[in-house]
file target04.pdb (PDB, C-alpha atoms, pLDDT in the B column)
ATOM      1  CA  MET A   1     -12.241  -2.942  28.397  1.00 53.00           C
ATOM      2  CA  PRO A   2     -12.850  -2.789  24.645  1.00 54.00           C
ATOM      3  CA  SER A   3      -9.721  -2.938  22.518  1.00 57.00           C
ATOM      4  CA  PRO A   4      -8.878   0.295  20.689  1.00 56.00           C
ATOM      5  CA  PRO A   5      -9.920   0.556  17.032  1.00 60.00           C
ATOM      6  CA  ALA A   6      -7.313  -1.153  14.871  1.00 81.00           C
ATOM      7  CA  HIS A   7      -4.915   0.365  12.401  1.00 88.00           C
ATOM      8  CA  ARG A   8      -5.081  -1.423   9.043  1.00 92.00           C
ATOM      9  CA  LEU A   9      -2.496  -2.400   6.462  1.00 95.00           C
ATOM     10  CA  SER A  10      -3.091  -1.462   2.842  1.00 95.00           C
ATOM     11  CA  ILE A  11      -0.967  -3.022   0.108  1.00 96.00           C
ATOM     12  CA  ARG A  12      -0.314  -2.483  -3.588  1.00 95.00           C
ATOM     13  CA  VAL A  13       2.025  -4.200  -6.002  1.00 95.00           C
ATOM     14  CA  ASP A  14       3.995  -1.953  -8.343  1.00 93.00           C
ATOM     15  CA  LEU A  15       4.416  -3.972 -11.516  1.00 89.00           C
ATOM     16  CA  ALA A  16       7.760  -4.259 -13.251  1.00 83.00           C
ATOM     17  CA  GLY A  17       6.078  -3.322 -16.526  1.00 80.00           C
ATOM     18  CA  GLY A  18       4.435  -0.221 -15.037  1.00 84.00           C
ATOM     19  CA  GLY A  19       1.108   0.182 -13.279  1.00 87.00           C
ATOM     20  CA  ARG A  20      -0.063  -1.284 -10.014  1.00 92.00           C
ATOM     21  CA  ILE A  21      -2.209  -4.101  -8.682  1.00 94.00           C
ATOM     22  CA  GLY A  22      -4.397  -3.457  -5.675  1.00 93.00           C
ATOM     23  CA  PRO A  23      -7.619  -4.832  -4.247  1.00 94.00           C
ATOM     24  CA  GLY A  24      -9.800  -3.110  -6.878  1.00 94.00           C
ATOM     25  CA  LYS A  25      -8.193  -4.783  -9.896  1.00 96.00           C
ATOM     26  CA  ILE A  26      -8.124  -8.153  -8.156  1.00 97.00           C
ATOM     27  CA  ALA A  27     -11.831  -7.832  -7.306  1.00 97.00           C
ATOM     28  CA  LEU A  28     -12.451  -7.076 -10.990  1.00 97.00           C
ATOM     29  CA  LEU A  29     -10.594 -10.196 -12.141  1.00 97.00           C
ATOM     30  CA  GLU A  30     -12.508 -12.275  -9.592  1.00 98.00           C
ATOM     31  CA  ALA A  31     -15.800 -10.805 -10.830  1.00 97.00           C
ATOM     32  CA  ILE A  32     -14.845 -11.565 -14.451  1.00 97.00           C
ATOM     33  CA  ALA A  33     -14.013 -15.151 -13.470  1.00 97.00           C
ATOM     34  CA  ALA A  34     -17.328 -15.465 -11.608  1.00 96.00           C
ATOM     35  CA  SER A  35     -19.553 -13.857 -14.243  1.00 95.00           C
ATOM     36  CA  GLY A  36     -17.750 -14.817 -17.455  1.00 95.00           C
ATOM     37  CA  SER A  37     -18.196 -11.266 -18.688  1.00 94.00           C
ATOM     38  CA  ILE A  38     -16.336  -7.971 -18.417  1.00 94.00           C
ATOM     39  CA  SER A  39     -19.528  -5.930 -18.623  1.00 93.00           C
ATOM     40  CA  ALA A  40     -21.256  -8.018 -15.934  1.00 94.00           C
ATOM     41  CA  ALA A  41     -18.174  -7.735 -13.718  1.00 96.00           C
ATOM     42  CA  GLY A  42     -18.171  -3.969 -14.245  1.00 95.00           C
ATOM     43  CA  ARG A  43     -21.824  -3.790 -13.200  1.00 95.00           C
ATOM     44  CA  VAL A  44     -21.154  -5.761 -10.021  1.00 95.00           C
ATOM     45  CA  LEU A  45     -18.338  -3.348  -9.148  1.00 96.00           C
ATOM     46  CA  LYS A  46     -20.298  -0.276 -10.282  1.00 96.00           C
ATOM     47  CA  MET A  47     -17.871   0.717 -13.000  1.00 95.00           C
ATOM     48  CA  SER A  48     -18.406   1.289 -16.714  1.00 94.00           C
ATOM     49  CA  TYR A  49     -17.457  -1.327 -19.283  1.00 92.00           C
ATOM     50  CA  ARG A  50     -14.893   1.131 -20.575  1.00 94.00           C
ATOM     51  CA  ARG A  51     -13.353   1.546 -17.122  1.00 95.00           C
ATOM     52  CA  ALA A  52     -13.284  -2.213 -16.553  1.00 95.00           C
ATOM     53  CA  TRP A  53     -11.509  -2.689 -19.883  1.00 94.00           C
ATOM     54  CA  GLU A  54      -8.973   0.007 -19.030  1.00 95.00           C
ATOM     55  CA  LEU A  55      -8.128  -1.748 -15.767  1.00 95.00           C
ATOM     56  CA  VAL A  56      -7.748  -5.084 -17.560  1.00 95.00           C
ATOM     57  CA  GLU A  57      -5.477  -3.480 -20.152  1.00 93.00           C
ATOM     58  CA  ASP A  58      -3.394  -1.864 -17.387  1.00 92.00           C
ATOM     59  CA  LEU A  59      -2.834  -5.356 -16.010  1.00 92.00           C
ATOM     60  CA  ASN A  60      -2.004  -6.803 -19.443  1.00 91.00           C
ATOM     61  CA  ARG A  61       0.618  -4.097 -19.951  1.00 89.00           C
ATOM     62  CA  GLY A  62       2.078  -4.241 -16.452  1.00 88.00           C
ATOM     63  CA  LEU A  63       2.414  -8.012 -16.470  1.00 88.00           C
ATOM     64  CA  GLY A  64       3.492  -8.324 -20.087  1.00 87.00           C
ATOM     65  CA  HIS A  65       0.848 -11.008 -20.724  1.00 90.00           C
ATOM     66  CA  PRO A  66      -2.945 -10.931 -21.098  1.00 94.00           C
ATOM     67  CA  VAL A  67      -4.939 -11.655 -17.939  1.00 95.00           C
ATOM     68  CA  VAL A  68      -8.319 -11.951 -19.669  1.00 95.00           C
ATOM     69  CA  THR A  69      -9.305 -13.633 -22.924  1.00 93.00           C
ATOM     70  CA  THR A  70     -12.505 -12.775 -24.764  1.00 88.00           C
ATOM     71  CA  ALA A  71     -14.505 -14.602 -27.409  1.00 81.00           C
ATOM     72  CA  ALA A  72     -16.191 -12.739 -30.247  1.00 69.00           C
ATOM     73  CA  GLY A  73     -19.965 -12.668 -29.751  1.00 61.00           C
ATOM     74  CA  GLY A  74     -23.268 -11.051 -30.525  1.00 52.00           C
ATOM     75  CA  SER A  75     -24.827  -7.999 -28.976  1.00 53.00           C
ATOM     76  CA  GLY A  76     -24.355  -9.457 -25.503  1.00 53.00           C
ATOM     77  CA  GLY A  77     -20.652 -10.025 -26.105  1.00 58.00           C
ATOM     78  CA  GLY A  78     -19.024 -13.405 -26.352  1.00 67.00           C
ATOM     79  CA  GLY A  79     -17.898 -13.787 -22.789  1.00 90.00           C
ATOM     80  CA  ALA A  80     -14.586 -13.399 -21.043  1.00 94.00           C
ATOM     81  CA  ARG A  81     -12.458 -15.614 -18.867  1.00 95.00           C
ATOM     82  CA  LEU A  82      -9.166 -15.366 -17.044  1.00 96.00           C
ATOM     83  CA  THR A  83      -6.045 -16.644 -18.766  1.00 95.00           C
ATOM     84  CA  PRO A  84      -3.655 -18.845 -16.775  1.00 94.00           C
ATOM     85  CA  THR A  85      -1.707 -15.641 -16.078  1.00 93.00           C
ATOM     86  CA  GLY A  86      -4.872 -13.967 -14.788  1.00 95.00           C
ATOM     87  CA  GLN A  87      -5.679 -16.941 -12.582  1.00 96.00           C
ATOM     88  CA  ARG A  88      -2.170 -16.975 -11.178  1.00 94.00           C
ATOM     89  CA  VAL A  89      -2.236 -13.232 -10.511  1.00 94.00           C
ATOM     90  CA  VAL A  90      -5.435 -13.540  -8.461  1.00 96.00           C
ATOM     91  CA  ALA A  91      -4.150 -16.533  -6.503  1.00 96.00           C
ATOM     92  CA  GLU A  92      -0.722 -15.018  -5.817  1.00 95.00           C
ATOM     93  CA  TYR A  93      -2.146 -11.622  -4.878  1.00 96.00           C
ATOM     94  CA  ARG A  94      -4.573 -13.173  -2.392  1.00 97.00           C
ATOM     95  CA  ALA A  95      -1.770 -15.325  -0.933  1.00 96.00           C
ATOM     96  CA  LEU A  96       0.512 -12.270  -0.751  1.00 96.00           C
ATOM     97  CA  GLU A  97      -2.264 -10.312   0.967  1.00 96.00           C
ATOM     98  CA  ALA A  98      -2.842 -13.008   3.586  1.00 97.00           C
ATOM     99  CA  ALA A  99       0.890 -13.433   4.251  1.00 97.00           C
ATOM    100  CA  THR A 100       1.577  -9.713   4.590  1.00 97.00           C
ATOM    101  CA  LEU A 101      -1.448  -9.085   6.823  1.00 95.00           C
ATOM    102  CA  ALA A 102      -0.312 -11.872   9.141  1.00 96.00           C
ATOM    103  CA  ALA A 103       3.250 -10.513   9.198  1.00 96.00           C
ATOM    104  CA  ALA A 104       2.028  -6.983   9.886  1.00 95.00           C
ATOM    105  CA  GLN A 105      -0.394  -7.819  12.677  1.00 94.00           C
ATOM    106  CA  PRO A 106       1.920  -7.627  15.722  1.00 93.00           C
ATOM    107  CA  HIS A 107       3.339  -4.317  14.498  1.00 93.00           C
ATOM    108  CA  LEU A 108      -0.090  -2.844  13.799  1.00 92.00           C
ATOM    109  CA  ALA A 109      -1.103  -3.830  17.326  1.00 90.00           C
ATOM    110  CA  ALA A 110       2.044  -2.208  18.766  1.00 89.00           C
ATOM    111  CA  LEU A 111       1.304   1.001  16.849  1.00 85.00           C
ATOM    112  CA  GLY A 112      -2.059   1.106  18.596  1.00 70.00           C
ATOM    113  CA  GLU A 113      -0.774   0.802  22.147  1.00 71.00           C
ATOM    114  CA  ALA A 114      -1.245   3.715  24.505  1.00 64.00           C
ATOM    115  CA  PRO A 115       1.946   5.711  25.072  1.00 62.00           C
ATOM    116  CA  PRO A 116       3.538   6.069  28.492  1.00 60.00           C
ATOM    117  CA  THR A 117       1.433   8.937  29.836  1.00 57.00           C
ATOM    118  CA  GLU A 118       4.191  10.535  31.868  1.00 45.00           C
ATOM    119  CA  LEU A 119       6.293  11.109  28.781  1.00 49.00           C
ATOM    120  CA  ASP A 120       3.981  12.006  25.916  1.00 47.00           C
TER     121      ASP A 120
ATOM    122  CA  MET B   1      20.035 -15.357 -18.164  1.00 53.00           C
ATOM    123  CA  PRO B   2      19.170 -12.148 -16.317  1.00 54.00           C
ATOM    124  CA  SER B   3      16.175 -12.408 -14.008  1.00 56.00           C
ATOM    125  CA  PRO B   4      13.136 -10.379 -15.096  1.00 56.00           C
ATOM    126  CA  PRO B   5      12.628  -6.970 -13.467  1.00 60.00           C
ATOM    127  CA  ALA B   6      10.921  -7.416 -10.119  1.00 81.00           C
ATOM    128  CA  HIS B   7       7.471  -6.399  -9.049  1.00 88.00           C
ATOM    129  CA  ARG B   8       7.541  -4.410  -5.819  1.00 92.00           C
ATOM    130  CA  LEU B   9       5.303  -4.256  -2.742  1.00 95.00           C
ATOM    131  CA  SER B  10       4.082  -0.885  -1.556  1.00 95.00           C
ATOM    132  CA  ILE B  11       2.492  -0.566   1.894  1.00 95.00           C
ATOM    133  CA  ARG B  12       0.506   2.013   3.826  1.00 95.00           C
ATOM    134  CA  VAL B  13      -1.053   1.908   7.270  1.00 95.00           C
ATOM    135  CA  ASP B  14      -4.564   3.318   7.566  1.00 93.00           C
ATOM    136  CA  LEU B  15      -4.745   4.766  11.065  1.00 89.00           C
ATOM    137  CA  ALA B  16      -7.682   4.072  13.333  1.00 83.00           C
ATOM    138  CA  GLY B  17      -7.972   7.805  14.014  1.00 80.00           C
ATOM    139  CA  GLY B  18      -7.988   8.686  10.312  1.00 84.00           C
ATOM    140  CA  GLY B  19      -5.127   9.401   7.944  1.00 87.00           C
ATOM    141  CA  ARG B  20      -2.388   7.107   6.755  1.00 92.00           C
ATOM    142  CA  ILE B  21       1.262   6.361   7.410  1.00 94.00           C
ATOM    143  CA  GLY B  22       3.511   5.569   4.488  1.00 93.00           C
ATOM    144  CA  PRO B  23       7.188   5.855   3.668  1.00 94.00           C
ATOM    145  CA  GLY B  24       7.057   9.647   3.239  1.00 94.00           C
ATOM    146  CA  LYS B  25       5.828  10.414   6.739  1.00 96.00           C
ATOM    147  CA  ILE B  26       8.224   7.920   8.280  1.00 97.00           C
ATOM    148  CA  ALA B  27      11.135   9.494   6.377  1.00 97.00           C
ATOM    149  CA  LEU B  28      10.005  12.863   7.748  1.00 97.00           C
ATOM    150  CA  LEU B  29      10.005  11.598  11.349  1.00 97.00           C
ATOM    151  CA  GLU B  30      13.439  10.069  10.819  1.00 98.00           C
ATOM    152  CA  ALA B  31      14.725  13.363   9.405  1.00 97.00           C
ATOM    153  CA  ILE B  32      13.288  15.276  12.393  1.00 97.00           C
ATOM    154  CA  ALA B  33      15.000  12.837  14.763  1.00 97.00           C
ATOM    155  CA  ALA B  34      18.285  13.211  12.870  1.00 96.00           C
ATOM    156  CA  SER B  35      18.232  16.995  12.497  1.00 95.00           C
ATOM    157  CA  GLY B  36      16.381  18.042  15.652  1.00 95.00           C
ATOM    158  CA  SER B  37      14.322  20.449  13.580  1.00 94.00           C
ATOM    159  CA  ILE B  38      11.129  20.328  11.556  1.00 94.00           C
ATOM    160  CA  SER B  39      12.332  23.001   9.136  1.00 93.00           C
ATOM    161  CA  ALA B  40      15.668  21.241   8.576  1.00 94.00           C
ATOM    162  CA  ALA B  41      13.870  17.945   8.046  1.00 96.00           C
ATOM    163  CA  GLY B  42      11.570  19.630   5.543  1.00 95.00           C
ATOM    164  CA  ARG B  43      14.567  20.987   3.648  1.00 95.00           C
ATOM    165  CA  VAL B  44      16.183  17.547   3.473  1.00 95.00           C
ATOM    166  CA  LEU B  45      12.951  16.129   2.045  1.00 96.00           C
ATOM    167  CA  LYS B  46      12.356  19.148  -0.220  1.00 96.00           C
ATOM    168  CA  MET B  47       9.070  20.146   1.398  1.00 95.00           C
ATOM    169  CA  SER B  48       7.990  23.420   2.952  1.00 93.00           C
ATOM    170  CA  TYR B  49       7.941  23.910   6.713  1.00 92.00           C
ATOM    171  CA  ARG B  50       4.174  24.246   6.437  1.00 94.00           C
ATOM    172  CA  ARG B  51       3.876  20.935   4.585  1.00 95.00           C
ATOM    173  CA  ALA B  52       6.133  19.197   7.099  1.00 95.00           C
ATOM    174  CA  TRP B  53       3.988  20.500   9.976  1.00 94.00           C
ATOM    175  CA  GLU B  54       0.807  19.357   8.242  1.00 95.00           C
ATOM    176  CA  LEU B  55       2.199  15.833   7.913  1.00 95.00           C
ATOM    177  CA  VAL B  56       3.234  15.816  11.586  1.00 95.00           C
ATOM    178  CA  GLU B  57      -0.232  17.016  12.613  1.00 93.00           C
ATOM    179  CA  ASP B  58      -1.856  14.321  10.442  1.00 92.00           C
ATOM    180  CA  LEU B  59       0.120  11.769  12.428  1.00 92.00           C
ATOM    181  CA  ASN B  60      -0.761  13.358  15.778  1.00 91.00           C
ATOM    182  CA  ARG B  61      -4.447  13.185  14.862  1.00 89.00           C
ATOM    183  CA  GLY B  62      -4.364   9.702  13.396  1.00 88.00           C
ATOM    184  CA  LEU B  63      -2.495   8.218  16.340  1.00 88.00           C
ATOM    185  CA  GLY B  64      -4.278  10.223  19.032  1.00 87.00           C
ATOM    186  CA  HIS B  65      -0.946  11.265  20.573  1.00 90.00           C
ATOM    187  CA  PRO B  66       1.767  13.723  19.534  1.00 94.00           C
ATOM    188  CA  VAL B  67       4.696  12.241  17.608  1.00 95.00           C
ATOM    189  CA  VAL B  68       6.893  15.345  17.788  1.00 95.00           C
ATOM    190  CA  THR B  69       7.564  17.750  20.631  1.00 93.00           C
ATOM    191  CA  THR B  70       8.921  21.246  20.058  1.00 88.00           C
ATOM    192  CA  ALA B  71      10.648  23.723  22.334  1.00 81.00           C
ATOM    193  CA  ALA B  72       9.970  27.453  22.085  1.00 69.00           C
ATOM    194  CA  GLY B  73      12.954  29.243  20.573  1.00 61.00           C
ATOM    195  CA  GLY B  74      14.317  32.277  18.786  1.00 52.00           C
ATOM    196  CA  SER B  75      14.244  33.082  15.105  1.00 53.00           C
ATOM    197  CA  GLY B  76      15.820  29.706  14.271  1.00 53.00           C
ATOM    198  CA  GLY B  77      13.150  27.828  16.218  1.00 58.00           C
ATOM    199  CA  GLY B  78      13.721  25.911  19.404  1.00 67.00           C
ATOM    200  CA  GLY B  79      14.231  22.477  17.951  1.00 90.00           C
ATOM    201  CA  ALA B  80      12.043  19.438  17.707  1.00 94.00           C
ATOM    202  CA  ARG B  81      12.371  15.841  18.742  1.00 95.00           C
ATOM    203  CA  LEU B  82      10.302  12.685  18.532  1.00 96.00           C
ATOM    204  CA  THR B  83       8.107  11.762  21.478  1.00 95.00           C
ATOM    205  CA  PRO B  84       8.172   8.158  22.716  1.00 93.00           C
ATOM    206  CA  THR B  85       5.083   7.638  20.529  1.00 93.00           C
ATOM    207  CA  GLY B  86       6.952   9.056  17.528  1.00 95.00           C
ATOM    208  CA  GLN B  87       9.945   6.827  18.216  1.00 95.00           C
ATOM    209  CA  ARG B  88       7.729   3.778  18.527  1.00 94.00           C
ATOM    210  CA  VAL B  89       5.876   4.601  15.313  1.00 94.00           C
ATOM    211  CA  VAL B  90       9.128   4.773  13.336  1.00 96.00           C
ATOM    212  CA  ALA B  91      10.468   1.540  14.836  1.00 96.00           C
ATOM    213  CA  GLU B  92       7.219  -0.392  14.390  1.00 95.00           C
ATOM    214  CA  TYR B  93       6.681   0.884  10.853  1.00 96.00           C
ATOM    215  CA  ARG B  94      10.185  -0.146   9.798  1.00 97.00           C
ATOM    216  CA  ALA B  95       9.724  -3.556  11.463  1.00 96.00           C
ATOM    217  CA  LEU B  96       6.333  -3.935   9.769  1.00 96.00           C
ATOM    218  CA  GLU B  97       7.872  -2.977   6.432  1.00 96.00           C
ATOM    219  CA  ALA B  98      10.661  -5.544   6.752  1.00 97.00           C
ATOM    220  CA  ALA B  99       8.275  -8.306   7.863  1.00 97.00           C
ATOM    221  CA  THR B 100       5.752  -7.673   5.095  1.00 97.00           C
ATOM    222  CA  LEU B 101       8.409  -7.422   2.366  1.00 95.00           C
ATOM    223  CA  ALA B 102       9.851 -10.755   3.471  1.00 96.00           C
ATOM    224  CA  ALA B 103       6.387 -12.345   3.548  1.00 96.00           C
ATOM    225  CA  ALA B 104       5.527 -10.945   0.115  1.00 95.00           C
ATOM    226  CA  GLN B 105       8.734 -11.971  -1.657  1.00 94.00           C
ATOM    227  CA  PRO B 106       7.840 -15.486  -2.833  1.00 93.00           C
ATOM    228  CA  HIS B 107       4.483 -14.239  -4.150  1.00 93.00           C
ATOM    229  CA  LEU B 108       6.044 -11.277  -5.935  1.00 92.00           C
ATOM    230  CA  ALA B 109       8.477 -13.680  -7.573  1.00 90.00           C
ATOM    231  CA  ALA B 110       5.630 -15.989  -8.623  1.00 89.00           C
ATOM    232  CA  LEU B 111       3.756 -13.034 -10.141  1.00 84.00           C
ATOM    233  CA  GLY B 112       6.807 -12.389 -12.311  1.00 70.00           C
ATOM    234  CA  GLU B 113       7.115 -15.894 -13.747  1.00 71.00           C
ATOM    235  CA  ALA B 114       6.572 -16.398 -17.456  1.00 63.00           C
ATOM    236  CA  PRO B 115       3.180 -17.932 -18.268  1.00 62.00           C
ATOM    237  CA  PRO B 116       2.859 -21.306 -20.007  1.00 59.00           C
ATOM    238  CA  THR B 117       3.252 -20.148 -23.608  1.00 57.00           C
ATOM    239  CA  GLU B 118       0.877 -22.681 -25.126  1.00 45.00           C
ATOM    240  CA  LEU B 119      -2.018 -21.326 -23.109  1.00 49.00           C
ATOM    241  CA  ASP B 120      -1.615 -17.555 -22.854  1.00 47.00           C
TER     242      ASP B 120
END

call {"tool": "encode", "arguments": {"input": "target04.pdb", "output": "structure tokens"}}
result
Amino acid sequence: MPSPPAHRLSIRVDLAGGGRIGPGKIALLEAIAASGSISAAGRVLKMSYRRAWELVEDLNRGLGHPVVTTAAGGSGGGGARLTPTGQRVVAEYRALEAATLAAAQPHLAALGEAPPTELD
Amino acid sequence: MPSPPAHRLSIRVDLAGGGRIGPGKIALLEAIAASGSISAAGRVLKMSYRRAWELVEDLNRGLGHPVVTTAAGGSGGGGARLTPTGQRVVAEYRALEAATLAAAQPHLAALGEAPPTELD
């Protein structure tokens, strides 16, 4: 018998300094780290440069420290990379995600069990 | 030295049948269980009877089984109580919440650490 479709856990972190971190902002930081550019990362994630910058600035504010550092450059921009804070945020968020998904799994499975038919 | 304000984890469960469960819907089920009435539960949570019913029906749809059972009644309504499915959903959600918060804690704390000042 096929198992029933699974319920899924979705997580966000509400930052002490305001704002939130979820999978979208983490994917953006990972794309900035991979591409070395905020505009390239925005293109990968199908968001405008302006939107990508807004998300980065949300993170800077919420964490109280910059997550991305940029170098001045020509028309193509001077490149961007994660600060140590940005690197730590990505690593800790991914570790938090893995740990919470593992902790949630038995309860998500129990939520999906069929009820006792004589009672429901 | 006071510890810095804490980041907080926020969770939701995306249901296989569509819709989501978060703290608001669970609080509503708990208030229905406590008061024996959807309208009383709605009042406690400052939502309309209509809104409370919509949230209950979202859960019924998303889980594929009713979470609340009602008895026909007079002008005051006939009362409402959680089905075994509804009871299980509340218990498993609260267990899931406790397990994920515990799993997240060390990572939330690490997110809040000060960065190395010479680098950021």

call {"tool": "resolve_selection", "arguments": {"input": "target04.pdb", "expression": "the ChimeraX specification (/B :<9) & /A", "output": "PyMOL selection string"}}
result
chain A and resi 4-17+63+65-67+69+83-85+88-89+92-93+95-97+99-108+110-112+114-116+119-120

call {"tool": "calpha_fit_and_write", "arguments": {"input": "target04.pdb", "fixed": "chain B", "moving": "chain A", "output": "compact mmCIF listing (two decimals) with C-alpha atoms, keeping the file's coordinate frame"}}
result
# COMPACT_ATOMS: atom_id res chain seq x y z
CA MET A 1 19.96 -15.34 -18.20
CA PRO A 2 19.15 -12.13 -16.32
CA SER A 3 16.18 -12.36 -13.98
CA PRO A 4 13.13 -10.36 -15.07
CA PRO A 5 12.62 -6.94 -13.47
CA ALA A 6 10.92 -7.39 -10.11
CA HIS A 7 7.46 -6.38 -9.05
CA ARG A 8 7.53 -4.38 -5.81
CA LEU A 9 5.30 -4.25 -2.76
CA SER A 10 4.08 -0.88 -1.54
CA ILE A 11 2.48 -0.57 1.89
CA ARG A 12 0.51 2.02 3.85
CA VAL A 13 -1.06 1.91 7.28
CA ASP A 14 -4.57 3.32 7.58
CA LEU A 15 -4.75 4.76 11.07
CA ALA A 16 -7.68 4.07 13.35
CA GLY A 17 -7.97 7.80 14.03
CA GLY A 18 -8.00 8.68 10.32
CA GLY A 19 -5.14 9.38 7.94
CA ARG A 20 -2.39 7.10 6.77
CA ILE A 21 1.26 6.35 7.43
CA GLY A 22 3.51 5.56 4.50
CA PRO A 23 7.19 5.84 3.68
CA GLY A 24 7.05 9.64 3.24
CA LYS A 25 5.82 10.42 6.76
CA ILE A 26 8.22 7.92 8.29
CA ALA A 27 11.13 9.49 6.38
CA LEU A 28 10.01 12.86 7.77
CA LEU A 29 10.00 11.60 11.36
CA GLU A 30 13.44 10.06 10.83
CA ALA A 31 14.72 13.36 9.41
CA ILE A 32 13.28 15.27 12.39
CA ALA A 33 14.99 12.83 14.77
CA ALA A 34 18.28 13.21 12.87
CA SER A 35 18.23 16.99 12.50
CA GLY A 36 16.38 18.05 15.66
CA SER A 37 14.32 20.44 13.57
CA ILE A 38 11.13 20.32 11.53
CA SER A 39 12.33 22.98 9.12
CA ALA A 40 15.68 21.23 8.57
CA ALA A 41 13.88 17.92 8.04
CA GLY A 42 11.58 19.61 5.53
CA ARG A 43 14.58 20.95 3.63
CA VAL A 44 16.20 17.52 3.47
CA LEU A 45 12.96 16.10 2.04
CA LYS A 46 12.36 19.11 -0.22
CA MET A 47 9.09 20.11 1.39
CA SER A 48 8.00 23.39 2.95
CA TYR A 49 7.94 23.88 6.71
CA ARG A 50 4.19 24.24 6.43
CA ARG A 51 3.88 20.92 4.59
CA ALA A 52 6.13 19.17 7.10
CA TRP A 53 4.00 20.49 9.95
CA GLU A 54 0.81 19.34 8.24
CA LEU A 55 2.19 15.82 7.92
CA VAL A 56 3.23 15.80 11.58
CA GLU A 57 -0.23 17.01 12.61
CA ASP A 58 -1.86 14.31 10.45
CA LEU A 59 0.13 11.76 12.44
CA ASN A 60 -0.77 13.37 15.78
CA ARG A 61 -4.46 13.19 14.88
CA GLY A 62 -4.38 9.69 13.41
CA LEU A 63 -2.51 8.22 16.35
CA GLY A 64 -4.29 10.21 19.03
CA HIS A 65 -0.96 11.27 20.58
CA PRO A 66 1.76 13.72 19.54
CA VAL A 67 4.69 12.24 17.61
CA VAL A 68 6.88 15.35 17.78
CA THR A 69 7.56 17.77 20.62
CA THR A 70 8.92 21.25 20.04
CA ALA A 71 10.65 23.74 22.32
CA ALA A 72 9.98 27.46 22.04
CA GLY A 73 12.97 29.25 20.51
CA GLY A 74 14.32 32.26 18.70
CA SER A 75 14.27 33.03 15.02
CA GLY A 76 15.83 29.66 14.24
CA GLY A 77 13.14 27.82 16.19
CA GLY A 78 13.74 25.92 19.38
CA GLY A 79 14.23 22.48 17.94
CA ALA A 80 12.04 19.43 17.68
CA ARG A 81 12.36 15.83 18.75
CA LEU A 82 10.29 12.69 18.54
CA THR A 83 8.10 11.77 21.48
CA PRO A 84 8.15 8.17 22.73
CA THR A 85 5.08 7.64 20.54
CA GLY A 86 6.94 9.04 17.53
CA GLN A 87 9.94 6.83 18.22
CA ARG A 88 7.73 3.78 18.54
CA VAL A 89 5.87 4.60 15.32
CA VAL A 90 9.13 4.77 13.35
CA ALA A 91 10.47 1.55 14.86
CA GLU A 92 7.22 -0.39 14.41
CA TYR A 93 6.67 0.88 10.87
CA ARG A 94 10.19 -0.14 9.82
CA ALA A 95 9.73 -3.56 11.46
CA LEU A 96 6.32 -3.94 9.79
CA GLU A 97 7.87 -2.98 6.45
CA ALA A 98 10.67 -5.54 6.76
CA ALA A 99 8.28 -8.30 7.87
CA THR A 100 5.75 -7.66 5.10
CA LEU A 101 8.41 -7.41 2.37
CA ALA A 102 9.85 -10.74 3.47
CA ALA A 103 6.39 -12.34 3.54
CA ALA A 104 5.54 -10.95 0.11
CA GLN A 105 8.74 -11.95 -1.65
CA PRO A 106 7.83 -15.48 -2.84
CA HIS A 107 4.49 -14.23 -4.16
CA LEU A 108 6.04 -11.26 -5.93
CA ALA A 109 8.49 -13.67 -7.57
CA ALA A 110 5.63 -15.97 -8.63
CA LEU A 111 3.77 -13.01 -10.15
CA GLY A 112 6.82 -12.38 -12.31
CA GLU A 113 7.14 -15.87 -13.74
CA ALA A 114 6.59 -16.37 -17.45
CA PRO A 115 3.21 -17.92 -18.27
CA PRO A 116 2.88 -21.26 -20.02
CA THR A 117 3.28 -20.09 -23.62
CA GLU A 118 0.92 -22.63 -25.13
CA LEU A 119 -1.98 -21.31 -23.10
CA ASP A 120 -1.64 -17.54 -22.83

call {"tool": "residues_around", "arguments": {"input": "target04.pdb", "residues": "Ala31 in chain A", "least_positions_apart": "4", "cutoff": "10 Å", "atoms": "only C-alpha atoms", "output": "JSON, numbers by chain"}}
result
{"A": [25, 26, 27, 35, 36, 37, 38, 39, 40, 41, 42, 43, 44, 45, 81]}

call {"tool": "axis_aligned_box", "arguments": {"input": "target04.pdb", "around": "range 5-19 of chain B", "padding_each_side": "8 Å", "output": "AutoDock Vina command-line options"}}
result
--center_x 2.3 --center_y 1.0 --center_z 0.3 --size_x 36.6 --size_y 32.8 --size_z 43.5

call {"tool": "atom_distance", "arguments": {"input": "target04.pdb", "atom1": "CA of Leu28 in chain B", "atom2": "CA of Trp53 in chain B"}}
result
10.0 Å
